[in-house]
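What follows is the content of data05.txt, which has compact mmCIF, C-alpha atoms and all ligand atoms:
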```txt
# COMPACT_ATOMS: atom_id res chain seq x y z
CA MET A 35 76.38 29.55 -47.90
CA VAL A 36 75.37 32.72 -46.09
CA LYS A 37 74.82 33.19 -42.40
CA ALA A 38 72.33 35.97 -41.71
CA VAL A 39 71.60 37.25 -38.23
CA VAL A 40 68.61 39.28 -37.05
CA LEU A 41 69.19 41.29 -33.84
CA GLY A 42 65.80 42.14 -32.34
CA ALA A 43 64.29 39.08 -34.02
CA ALA A 44 61.32 38.65 -31.66
CA GLY A 45 59.88 42.11 -32.35
CA GLY A 46 57.24 43.53 -34.64
CA ILE A 47 59.72 43.79 -37.53
CA GLY A 48 62.05 41.01 -36.42
CA GLN A 49 59.50 38.19 -36.65
CA PRO A 50 58.10 38.83 -40.16
CA LEU A 51 61.58 39.75 -41.39
CA SER A 52 62.90 36.41 -40.14
CA LEU A 53 59.96 34.68 -41.80
CA LEU A 54 60.76 36.34 -45.13
CA LEU A 55 64.44 35.44 -44.84
CA LYS A 56 63.47 31.83 -44.10
CA THR A 57 60.94 31.50 -46.91
CA ASN A 58 61.90 33.58 -49.93
CA PRO A 59 61.62 31.10 -52.81
CA LEU A 60 63.90 33.14 -55.09
CA VAL A 61 66.81 32.99 -52.70
CA THR A 62 68.04 29.64 -51.48
CA GLU A 63 70.33 31.61 -49.18
CA PRO A 64 70.70 32.26 -46.32
CA THR A 65 71.41 28.71 -45.29
CA GLN A 66 71.79 29.73 -41.68
CA LEU A 67 69.56 32.16 -39.87
CA SER A 68 70.42 33.24 -36.32
CA LEU A 69 67.80 35.04 -34.28
CA TYR A 70 68.85 37.13 -31.29
CA ASP A 71 66.67 39.16 -28.92
CA ILE A 72 66.42 39.79 -25.20
CA VAL A 73 63.17 37.76 -25.19
CA ASN A 74 61.31 34.95 -27.01
CA THR A 75 63.81 33.93 -29.69
CA PRO A 76 63.76 30.20 -28.78
CA GLY A 77 60.03 30.16 -29.55
CA VAL A 78 60.30 32.19 -32.74
CA ALA A 79 63.17 30.00 -33.95
CA ALA A 80 61.34 26.74 -33.09
CA ASP A 81 58.28 27.98 -34.98
CA LEU A 82 60.23 29.05 -38.10
CA SER A 83 62.35 25.89 -38.05
CA HIS A 84 59.29 23.78 -38.98
CA ILE A 85 58.99 25.58 -42.34
CA SER A 86 60.10 23.30 -45.17
CA THR A 87 62.84 25.49 -46.61
CA PRO A 88 66.60 24.89 -46.35
CA ALA A 89 67.73 27.63 -43.95
CA LYS A 90 68.64 26.30 -40.50
CA VAL A 91 67.19 28.59 -37.81
CA THR A 92 68.61 29.01 -34.31
CA GLY A 93 67.42 31.33 -31.53
CA TYR A 94 69.64 32.98 -28.92
CA LEU A 95 69.06 34.99 -25.75
CA PRO A 96 71.59 37.07 -23.76
CA PRO A 97 72.60 34.38 -21.20
CA ASP A 98 75.51 32.05 -22.03
CA ASP A 99 77.07 34.50 -24.48
CA GLY A 100 74.01 34.37 -26.75
CA LEU A 101 74.94 37.46 -28.73
CA LYS A 102 78.43 36.13 -29.43
CA LYS A 103 77.09 32.72 -30.44
CA ALA A 104 74.46 34.30 -32.69
CA LEU A 105 77.05 36.47 -34.42
CA THR A 106 79.85 33.93 -34.83
CA GLY A 107 80.47 33.50 -38.56
CA ALA A 108 77.82 36.08 -39.51
CA GLU A 109 78.03 37.53 -43.00
CA VAL A 110 74.91 39.70 -42.90
CA VAL A 111 73.58 41.26 -39.69
CA ILE A 112 70.24 43.06 -39.74
CA ILE A 113 69.32 45.22 -36.73
CA PRO A 114 65.66 46.00 -36.00
CA ALA A 115 66.24 46.04 -32.20
CA GLY A 116 64.86 48.98 -30.27
CA VAL A 117 61.68 50.80 -29.37
CA PRO A 118 59.24 52.11 -31.99
CA ARG A 119 57.38 55.45 -32.00
CA LYS A 120 54.01 56.25 -30.51
CA PRO A 121 51.79 59.05 -31.85
CA GLY A 122 53.27 62.48 -31.17
CA MET A 123 56.88 61.26 -31.12
CA THR A 124 59.62 61.97 -33.64
CA ARG A 125 62.18 59.35 -34.56
CA ASP A 126 64.75 61.45 -32.75
CA ASP A 127 62.75 60.96 -29.53
CA LEU A 128 63.79 57.27 -29.76
CA PHE A 129 67.47 58.18 -29.54
CA LYS A 130 67.54 58.11 -25.72
CA ILE A 131 66.76 54.38 -25.64
CA ASN A 132 67.83 53.08 -29.03
CA ALA A 133 71.29 54.69 -29.17
CA GLY A 134 72.49 52.54 -26.27
CA ILE A 135 70.87 49.38 -27.65
CA VAL A 136 72.48 49.87 -31.07
CA ARG A 137 75.85 50.76 -29.52
CA ASP A 138 75.93 47.56 -27.46
CA LEU A 139 74.92 45.39 -30.41
CA ALA A 140 77.53 47.13 -32.58
CA VAL A 141 80.22 46.28 -30.00
CA GLY A 142 79.12 42.65 -30.29
CA ILE A 143 79.39 42.73 -34.09
CA ALA A 144 82.73 44.60 -34.07
CA THR A 145 84.26 42.01 -31.75
CA THR A 146 82.68 38.85 -33.18
CA ALA A 147 81.84 39.47 -36.85
CA PRO A 148 83.72 42.61 -37.92
CA LYS A 149 83.56 41.71 -41.63
CA ALA A 150 79.78 41.26 -41.70
CA PHE A 151 77.53 43.54 -43.73
CA VAL A 152 75.55 45.51 -41.15
CA LEU A 153 72.05 46.67 -42.09
CA VAL A 154 70.65 49.15 -39.57
CA ILE A 155 66.87 49.46 -39.26
CA SER A 156 66.60 50.81 -35.68
CA ASN A 157 65.58 54.46 -35.52
CA PRO A 158 66.67 57.16 -35.70
CA VAL A 159 68.61 55.73 -38.66
CA ASN A 160 70.29 59.09 -39.36
CA SER A 161 71.98 58.74 -35.94
CA THR A 162 72.17 54.98 -35.36
CA VAL A 163 74.26 54.35 -38.51
CA PRO A 164 76.95 56.82 -37.31
CA ILE A 165 76.83 55.10 -33.91
CA VAL A 166 77.63 51.71 -35.49
CA ALA A 167 80.39 53.29 -37.57
CA GLU A 168 81.98 55.03 -34.56
CA VAL A 169 81.94 51.80 -32.55
CA PHE A 170 83.66 50.02 -35.44
CA LYS A 171 86.25 52.84 -35.66
CA LYS A 172 87.00 52.50 -31.94
CA HIS A 173 87.57 48.78 -32.47
CA GLY A 174 89.77 49.41 -35.51
CA VAL A 175 87.48 47.44 -37.84
CA PHE A 176 85.57 50.23 -39.63
CA ASP A 177 84.87 49.57 -43.30
CA PRO A 178 82.40 52.15 -44.65
CA LYS A 179 81.55 49.85 -47.56
CA ARG A 180 79.87 47.39 -45.17
CA ILE A 181 77.57 49.52 -43.01
CA PHE A 182 74.14 50.48 -44.39
CA GLY A 183 71.18 52.43 -43.08
CA VAL A 184 68.04 50.74 -44.42
CA THR A 185 65.95 53.40 -46.18
CA THR A 186 64.21 50.91 -48.48
CA LEU A 187 60.80 51.48 -46.90
CA ASP A 188 60.81 55.04 -48.26
CA VAL A 189 61.53 53.65 -51.73
CA VAL A 190 58.79 51.02 -51.35
CA ARG A 191 56.29 53.68 -50.26
CA ALA A 192 57.23 55.97 -53.14
CA SER A 193 56.66 53.16 -55.67
CA THR A 194 53.34 52.23 -54.10
CA PHE A 195 52.00 55.79 -53.87
CA VAL A 196 53.05 56.58 -57.47
CA SER A 197 51.32 53.40 -58.68
CA GLU A 198 48.16 54.50 -56.85
CA ILE A 199 48.30 57.84 -58.62
CA LEU A 200 48.80 56.10 -61.97
CA GLY A 201 45.75 54.00 -61.10
CA ASP A 202 47.52 50.66 -61.47
CA LEU A 203 48.75 48.89 -58.34
CA SER A 204 50.22 46.11 -60.48
CA LEU A 205 52.91 48.62 -61.44
CA ALA A 206 54.00 49.12 -57.83
CA SER A 207 56.79 46.55 -57.87
CA LYS A 208 58.11 47.81 -61.21
CA ILE A 209 58.18 51.53 -60.44
CA THR A 210 61.45 52.87 -59.12
CA VAL A 211 61.75 56.28 -57.52
CA PRO A 212 65.09 57.19 -55.98
CA VAL A 213 64.60 58.46 -52.42
CA VAL A 214 67.68 60.19 -51.03
CA GLY A 215 68.85 62.15 -47.98
CA GLY A 216 68.03 60.36 -44.75
CA HIS A 217 65.23 58.55 -42.96
CA SER A 218 63.08 61.06 -41.05
CA GLY A 219 60.58 63.72 -42.10
CA VAL A 220 62.14 66.41 -44.26
CA THR A 221 65.40 64.46 -44.61
CA ILE A 222 63.48 61.96 -46.79
CA VAL A 223 63.76 63.37 -50.31
CA PRO A 224 61.92 61.53 -53.09
CA LEU A 225 63.21 62.37 -56.56
CA LEU A 226 59.85 62.05 -58.30
CA SER A 227 61.22 63.71 -61.42
CA GLN A 228 63.35 60.56 -61.86
CA SER A 229 60.49 58.08 -61.44
CA SER A 230 60.84 55.20 -63.91
CA HIS A 231 57.11 55.76 -64.61
CA PRO A 232 56.46 59.50 -64.95
CA LEU A 233 53.58 61.13 -63.12
CA PRO A 234 50.54 61.93 -65.29
CA SER A 235 51.04 64.89 -67.61
CA GLY A 236 49.43 67.94 -66.11
CA PHE A 237 50.14 66.72 -62.56
CA ALA A 238 50.17 70.06 -60.73
CA GLN A 239 53.01 71.23 -58.49
CA GLU A 240 50.55 71.26 -55.60
CA GLU A 241 49.97 67.53 -56.17
CA VAL A 242 53.72 66.85 -56.36
CA ASP A 243 54.00 68.64 -53.03
CA LYS A 244 51.25 66.50 -51.50
CA LEU A 245 52.77 63.27 -52.79
CA THR A 246 56.24 64.27 -51.57
CA ASN A 247 54.81 65.04 -48.16
CA ARG A 248 53.04 61.69 -48.01
CA ILE A 249 56.31 59.86 -48.76
CA GLN A 250 58.21 61.96 -46.21
CA PHE A 251 55.60 61.33 -43.52
CA GLY A 252 54.46 57.83 -44.50
CA GLY A 253 55.81 56.53 -41.21
CA ASP A 254 53.54 58.92 -39.29
CA GLU A 255 50.55 57.67 -41.27
CA VAL A 256 51.18 54.15 -39.91
CA VAL A 257 52.01 55.32 -36.37
CA LYS A 258 48.74 57.24 -36.29
CA ALA A 259 46.70 54.32 -37.65
CA LYS A 260 48.27 51.88 -35.15
CA ASP A 261 47.23 54.32 -32.44
CA GLY A 262 49.85 53.56 -29.80
CA ALA A 263 50.58 49.97 -30.88
CA GLY A 264 53.84 50.84 -32.65
CA SER A 265 55.00 51.80 -36.12
CA ALA A 266 55.42 50.09 -39.49
CA THR A 267 56.44 46.46 -39.01
CA LEU A 268 55.11 44.39 -41.92
CA SER A 269 56.01 46.83 -44.69
CA MET A 270 59.38 47.32 -42.98
CA ALA A 271 59.98 43.58 -42.84
CA TYR A 272 59.22 43.43 -46.59
CA ALA A 273 61.55 46.37 -47.29
CA GLY A 274 64.30 45.01 -45.02
CA ALA A 275 64.20 41.60 -46.67
CA GLU A 276 64.29 43.20 -50.14
CA PHE A 277 67.39 45.19 -49.22
CA ALA A 278 69.06 42.21 -47.53
CA TYR A 279 68.53 40.07 -50.67
CA LYS A 280 70.18 42.79 -52.75
CA VAL A 281 73.20 42.87 -50.46
CA ILE A 282 73.41 39.04 -50.48
CA ARG A 283 72.98 38.75 -54.27
CA ALA A 284 75.66 41.42 -54.86
CA ALA A 285 77.96 39.65 -52.39
CA LYS A 286 77.49 36.47 -54.44
CA GLY A 287 78.73 38.30 -57.54
CA GLU A 288 75.55 39.50 -59.25
CA LYS A 289 76.35 42.72 -61.07
CA GLY A 290 74.42 45.96 -61.52
CA ILE A 291 72.48 45.94 -58.25
CA VAL A 292 71.73 49.51 -57.20
CA ALA A 293 69.68 50.64 -54.20
CA PRO A 294 69.36 53.83 -52.19
CA THR A 295 70.86 53.41 -48.72
CA PHE A 296 72.26 55.67 -45.99
CA VAL A 297 76.04 55.29 -46.08
CA ASN A 298 79.25 56.93 -44.96
CA LEU A 299 80.37 58.94 -47.97
CA THR A 300 83.95 57.69 -47.71
CA ALA A 301 82.64 54.28 -48.86
CA ASP A 302 83.39 55.51 -52.38
CA LYS A 303 85.58 58.59 -52.02
CA GLU A 304 85.22 59.82 -55.58
CA GLY A 305 81.45 59.32 -55.69
CA GLY A 306 81.05 60.63 -52.15
CA ASP A 307 83.01 63.80 -52.87
CA ALA A 308 80.99 64.43 -56.03
CA LEU A 309 77.78 63.96 -54.06
CA LYS A 310 78.91 66.40 -51.36
CA LYS A 311 79.43 68.99 -54.12
CA GLU A 312 75.94 68.34 -55.43
CA ILE A 313 74.33 68.77 -52.01
CA GLY A 314 76.56 71.73 -51.15
CA ARG A 315 77.70 70.47 -47.76
CA ASP A 316 80.45 68.27 -46.42
CA LEU A 317 78.12 65.72 -44.78
CA GLU A 318 79.66 62.48 -43.51
CA TYR A 319 76.57 60.41 -44.38
CA PHE A 320 73.81 60.58 -46.96
CA SER A 321 71.35 58.18 -48.51
CA ALA A 322 72.00 57.91 -52.23
CA PRO A 323 71.61 55.24 -54.89
CA VAL A 324 74.54 52.91 -54.26
CA GLU A 325 75.92 50.19 -56.51
CA LEU A 326 76.55 47.03 -54.50
CA GLY A 327 79.19 44.36 -55.03
CA PRO A 328 81.01 41.48 -53.31
CA GLU A 329 82.61 43.84 -50.77
CA GLY A 330 79.54 46.03 -50.21
CA VAL A 331 79.48 49.56 -51.64
CA VAL A 332 81.11 49.73 -55.06
CA LYS A 333 79.98 53.17 -56.15
CA ILE A 334 77.92 56.01 -54.72
CA ASN A 335 75.95 57.41 -57.62
CA SER A 336 75.39 61.09 -58.13
CA LEU A 337 71.88 62.50 -57.81
CA GLY A 338 71.84 63.34 -61.50
CA LYS A 339 69.37 65.81 -62.94
CA ILE A 340 66.90 66.96 -60.32
CA SER A 341 64.17 69.60 -60.40
CA GLU A 342 64.44 72.98 -58.70
CA TYR A 343 61.79 71.81 -56.24
CA GLU A 344 63.87 68.74 -55.35
CA SER A 345 66.95 70.88 -54.97
CA THR A 346 65.05 72.96 -52.38
CA LEU A 347 63.99 69.75 -50.58
CA ILE A 348 67.64 68.75 -50.33
CA LYS A 349 68.59 72.18 -48.98
CA ASN A 350 65.90 71.76 -46.32
CA ALA A 351 67.11 68.24 -45.46
CA VAL A 352 70.79 69.02 -44.98
CA PRO A 353 70.74 70.97 -41.65
CA GLU A 354 68.63 68.30 -39.89
CA LEU A 355 70.78 65.54 -41.33
CA ALA A 356 73.94 67.26 -40.09
CA THR A 357 72.46 67.55 -36.57
CA ASN A 358 71.29 63.91 -36.52
CA ILE A 359 74.66 62.64 -37.75
CA GLU A 360 76.60 64.69 -35.20
CA LYS A 361 74.34 63.43 -32.41
CA GLY A 362 75.17 59.82 -33.34
CA VAL A 363 78.90 60.44 -33.77
CA SER A 364 79.27 62.29 -30.46
CA PHE A 365 77.34 59.59 -28.56
CA ILE A 366 80.34 57.29 -28.90
CA GLU A 367 83.30 58.20 -26.76
CA PRO A 368 86.05 55.77 -25.80
CA SER A 369 84.86 55.79 -22.20
CA LYS A 370 81.46 54.50 -23.27
CA LEU A 371 82.75 51.27 -24.77
N1 LIG A 401 64.41 52.03 -40.94
C1 LIG A 401 63.11 52.03 -41.08
O1 LIG A 401 62.59 52.34 -42.15
C2 LIG A 401 62.21 51.59 -39.95
C3 LIG A 401 60.88 51.23 -40.21
C4 LIG A 401 60.08 50.80 -39.16
C5 LIG A 401 60.61 50.75 -37.86
N2 LIG A 401 61.89 51.10 -37.65
C6 LIG A 401 62.47 51.02 -36.30
O2 LIG A 401 62.77 49.65 -35.99
C7 LIG A 401 62.82 49.49 -34.57
C8 LIG A 401 62.03 48.25 -34.15
O3 LIG A 401 60.68 48.42 -34.41
P1 LIG A 401 59.62 47.26 -34.01
O4 LIG A 401 58.30 47.75 -34.44
O5 LIG A 401 60.13 45.96 -34.49
O6 LIG A 401 59.72 47.32 -32.42
P2 LIG A 401 59.32 46.16 -31.38
O7 LIG A 401 59.29 46.78 -30.03
O8 LIG A 401 58.14 45.42 -31.84
O9 LIG A 401 60.55 45.16 -31.46
C9 LIG A 401 61.83 45.53 -31.05
C10 LIG A 401 62.54 44.29 -30.53
O10 LIG A 401 63.85 44.69 -30.12
C11 LIG A 401 64.14 43.91 -28.98
N3 LIG A 401 65.26 44.49 -28.23
C12 LIG A 401 65.24 45.53 -27.37
N4 LIG A 401 66.47 45.71 -26.85
C13 LIG A 401 67.26 44.77 -27.42
C14 LIG A 401 68.64 44.45 -27.28
N5 LIG A 401 69.44 45.12 -26.47
N6 LIG A 401 69.12 43.42 -28.00
C15 LIG A 401 68.30 42.72 -28.84
N7 LIG A 401 67.01 42.98 -29.01
C16 LIG A 401 66.49 44.00 -28.30
C17 LIG A 401 62.84 43.86 -28.19
O11 LIG A 401 62.85 42.81 -27.23
C18 LIG A 401 61.84 43.65 -29.30
O12 LIG A 401 61.60 42.28 -29.55
C19 LIG A 401 62.29 50.80 -33.98
O13 LIG A 401 63.37 51.59 -33.58
C20 LIG A 401 61.59 51.45 -35.16
O14 LIG A 401 61.52 52.85 -35.06
C21 LIG A 401 62.69 51.51 -38.66
O1 LIG A 402 57.80 55.98 -38.64
C1 LIG A 402 58.48 55.29 -37.88
O2 LIG A 402 58.78 55.64 -36.74
C2 LIG A 402 58.95 53.94 -38.35
C3 LIG A 402 59.69 53.98 -39.64
O3 LIG A 402 60.81 54.80 -39.60
C4 LIG A 402 58.81 54.30 -40.82
O4 LIG A 402 59.23 55.06 -41.69
O5 LIG A 402 57.71 53.72 -40.92
```
In structure tokens, what does this structure look like?
Amino acid sequence: MVKAVVLGAAGGIGQPLSLLLKTNPLVTEPTQLSLYDIVNTPGVAADLSHISTPAKVTGYLPPDDGLKKALTGAEVVIIPAGVPRKPGMTRDDLFKINAGIVRDLAVGIATTAPKAFVLVISNPVNSTVPIVAEVFKKHGVFDPKRIFGVTTLDVVRASTFVSEILGDLSLASKITVPVVGGHSGVTIVPLLSQSSHPLPSGFAQEEVDKLTNRIQFGGDEVVKAKDGAGSATLSMAYAGAEFAYKVIRAAKGEKGIVAPTFVNLTADKEGGDALKKEIGRDLEYFSAPVELGPEGVVKINSLGKISEYESTLIKNAVPELATNIEKGVSFIEPSKL
């Protein structure tokens, strides 16, 4: 039995994500799904509760201790609460509003469900994950193995775009491309040289560059197409559900589940230290392929053999990552809790 909670469940991501959690035929879990938002969750929960699958769905709003009730007994908490981008904005522009939202929700988790796995979707992920971690530290419940920044959408995009180039969309769900670094612009580093399905022979460097750029700025492609009506929601719901299932399956004892995710590098000290050497900087957080287990992070894998081009991408990612991480860490001071 798993209790999963979606915070921000009435939003563009929250609703389809909750639908996927309620309906996935491969996973009989979660058996309890709690939906929390500042608006509309009773309606979303009533709607989902008519679907003929086992998970019991309940909606909560802020009055009457709704957050606490939603989180009581939670094992997996997924956070897509917060504002999305409009054209012309960077993810960092969302910090002003989303940092406070994520901080307050993190306080709720730290006090009510400190052992839950926390999956952070709200942008800017490079800063919101450190915010959650700092809140947990202040409450004395920080476990780096249990806090994840969800970067799965970058991985999903990379697989899809590579399958398009290979001219076979049916390969999309089979192709794996590790995407490392962080979740914004140049901090998104696809390791195309490690694609499970190599790019066509003779694929020019110029084309690798174009493909890399498309993966790094895939979010902007959607923001532009939605033209003021928000950012990726449906593909994010898909990606968020995929990652959540991996965390749940690993928690249930399934072995060998590996996924890139943005984690605190102390989650696996040995692996984290080796990774810091590879990237040439003592960063506190990085998205890397992580092996998952019953307690969360088991092992942070090294980047392995990467091309010179990819090594340059990582060099370009590191300064922005360091700034984003510091911004999140310094947002949390004892006086703010
Ligand atoms: N990690 C990723 O890959 C990724 C991908 C897409 C979007 N995002 C981010 O996810 C976030 C949500 O995007 P969206 O399109 O669903 O936005 P949205 O505006 O459609 O939905 C956000 C929801 O959060 C709710 N909310 C606001 N404050 C809250 C609070 N204090 N407690 C609970 N709920 C609260 C809102 O009421 C709304 O229902 C944005 O920050 C966006 O940038 C991340
Ligand atoms: O681009 C955004 O702002 C949303 C999300 O981070 C994405 O990658 O689609």
Can you write out as CSV which residues of chain A fall within 8 Å of ligand LIG 401 (chain A), alongside each residue's closest atom pair and its distance in Å to one decimal, counting only C-alpha atoms and all ligand atoms and ordering rows by chain and ascending residue number?
```
residue,atom,partner,partner_atom,distance
A:Leu41,CA,A:LIG401,C15,5.3
A:Gly42,CA,A:LIG401,N7,3.6
A:Ala43,CA,A:LIG401,O12,6.1
A:Ala44,CA,A:LIG401,O12,4.2
A:Gly45,CA,A:LIG401,O9,3.2
A:Gly46,CA,A:LIG401,O8,3.5
A:Ile47,CA,A:LIG401,O5,3.8
A:Gly48,CA,A:LIG401,O5,5.6
A:Tyr70,CA,A:LIG401,C15,6.1
A:Asp71,CA,A:LIG401,N7,3.8
A:Ile72,CA,A:LIG401,N7,5.0
A:Val73,CA,A:LIG401,O11,5.5
A:Asn74,CA,A:LIG401,O12,7.8
A:Ile113,CA,A:LIG401,O2,7.9
A:Pro114,CA,A:LIG401,C8,4.7
A:Ala115,CA,A:LIG401,O10,3.4
A:Gly116,CA,A:LIG401,O10,4.4
A:Val117,CA,A:LIG401,O13,4.6
A:Pro118,CA,A:LIG401,C19,3.9
A:Arg119,CA,A:LIG401,O14,5.8
A:Arg125,CA,A:LIG401,O14,6.6
A:Leu128,CA,A:LIG401,O13,6.9
A:Asn132,CA,A:LIG401,O13,6.5
A:Ile135,CA,A:LIG401,N5,4.6
A:Val136,CA,A:LIG401,N5,7.3
A:Asp138,CA,A:LIG401,N5,7.0
A:Leu139,CA,A:LIG401,N6,6.6
A:Val154,CA,A:LIG401,N1,7.0
A:Ile155,CA,A:LIG401,N1,3.9
A:Ser156,CA,A:LIG401,O13,3.9
A:Asn157,CA,A:LIG401,O13,4.1
A:Pro158,CA,A:LIG401,O14,6.7
A:Val159,CA,A:LIG401,N1,6.0
A:Gly183,CA,A:LIG401,N1,7.1
A:Val184,CA,A:LIG401,N1,5.2
A:Thr185,CA,A:LIG401,O1,5.4
A:Thr186,CA,A:LIG401,O1,6.7
A:Leu187,CA,A:LIG401,O1,5.1
A:Asp188,CA,A:LIG401,O1,6.9
A:His217,CA,A:LIG401,O1,6.8
A:Gly253,CA,A:LIG401,C3,7.4
A:Gly264,CA,A:LIG401,O4,5.7
A:Ser265,CA,A:LIG401,O4,5.5
A:Ala266,CA,A:LIG401,C4,4.7
A:Thr267,CA,A:LIG401,O4,5.1
A:Ser269,CA,A:LIG401,C4,7.9
A:Met270,CA,A:LIG401,C3,5.0
A:Ala273,CA,A:LIG401,O1,7.9
```
Open item on the list: Given all atoms listed in the file as the basis, pick out the residue of A:Lys333, A:Lys286, A:Arg248, A:Lys120 nearest to ligand LIG 402 (chain A).
Closed with: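 The shortest atom-to-atom distance to ligand LIG 402 (chain A) comes from A:Lys120.
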Given 3 Å of margin on each side, can you work out the centre and size in Å (one decimal) of an axis-aligned box holding every listed atom of stretch 346-361 of chain A, as JSON?
```
{"center_x": 70.3, "center_y": 67.8, "center_z": -42.4, "size_x": 18.6, "size_y": 16.3, "size_z": 26.0}
```
- [ ] Identify the residues around (80.6, 54.0, -47.9) within a radius of 8 Å, measuring from all atoms listed in the file in the coordinates stated by the file, and give them as a list in words.
- [x]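 The residues near that point, listed by chain and number, are Asp177, Pro178, Lys179, Arg180, Ile181, Val297, Asn298, Leu299, Thr300, Ala301, Asp302, Lys303, Gly306, Val331 and Ile334 of chain A.
Counting all atoms listed in the file, the residue from A:Leu347, A:Ala356, A:Ala89, A:Val214 that sits nearest to A:Val324 is A:Val214.
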- [ ] Pull the neighbourhood of (60.8, 29.5, -31.2) for me: all residues within 10 Å in file coordinates, counting all atoms listed in the file, as a list of chain:residue names.
- [x] A:Ala44, A:Leu69, A:Asn74, A:Thr75, A:Pro76, A:Gly77, A:Val78, A:Ala79, A:Ala80, A:Asp81, A:Leu82, A:Ser83, A:His84, A:Val91, A:Thr92, A:Gly93, A:Tyr94
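A straight line drawn from atom CA of A:Ile131 to atom CA of A:Glu367 is 17.0 Å long.
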Open item on the list: Please determine, counting only C-alpha atoms and all ligand atoms, which residue among A:Ser52, A:Ser230, A:Asn160, A:Thr65 has the shortest atom-to-atom distance to ligand LIG 402 (chain A).
Closed with: A:Asn160
Open item on the list: As an exercise, work out the distance from atom CA of A:Met123 to atom CA of A:Ala140 in Å and give it to one decimal place.
Closed with: 25.1 Å
TODO: Excluding A:Ile359 and residues on its chain fewer than 6 positions from it, collect all residues at most 12 Å away from it, counting all atoms listed in the file, and give them as a list of chain:residue names.
DONE: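 Here the answer would be A:Asp126, A:Phe129, A:Pro158, A:Val159, A:Asn160, A:Ser161, A:Thr162, A:Val163, A:Pro164, A:Ile165, A:Val166, A:Ala167, A:Glu168, A:Gly215, A:Gly216, A:His217, A:Thr221, A:Phe296, A:Val297, A:Asn298, A:Asp316, A:Leu317, A:Glu318, A:Tyr319, A:Phe320, A:Val352, A:Pro353, A:Phe365, A:Ile366.
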Task: Straight-line distance linking atom CA of A:Lys311 with atom CA of A:Ser336, stated in Å to one decimal - done: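 Interatomic distance here is 9.7 Å.
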Open item on the list: Could you check the closest approach to ligand LIG 402 (chain A) for each of A:Ala308, A:Leu53, A:Ala259, A:Ala278 and tell me which residue wins, using all atoms listed in the file?
Closed with: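 That would be A:Ala259, the residue with the smallest distance to ligand LIG 402 (chain A).
The nearest approach to A:Val36 among the residues A:Ala238, A:Leu101, A:Val196, A:Ala150, with only C-alpha atoms taken into account, belongs to A:Ala150.
Nearest residue to A:Gly330 among A:Ile143, A:Val152, A:Ala263, A:Val39 is A:Val152, counting only C-alpha atoms.
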Task: Selection: 9 Å around stretch 207-210 of chain A, only C-alpha atoms, excl. self and same-chain fewer than 6 positions, as number ranges by chain - done: A: 189-190, 192-194, 196-197, 228-231
Task: Spatial neighbours of A:Ala144, 9 Å, only C-alpha atoms, chain gap at least 5 places, as a list in words - done: Leu139, Lys149, Ala150, Val166, Val169, Phe170, His173, Gly174, Val175 and Phe176 of chain A
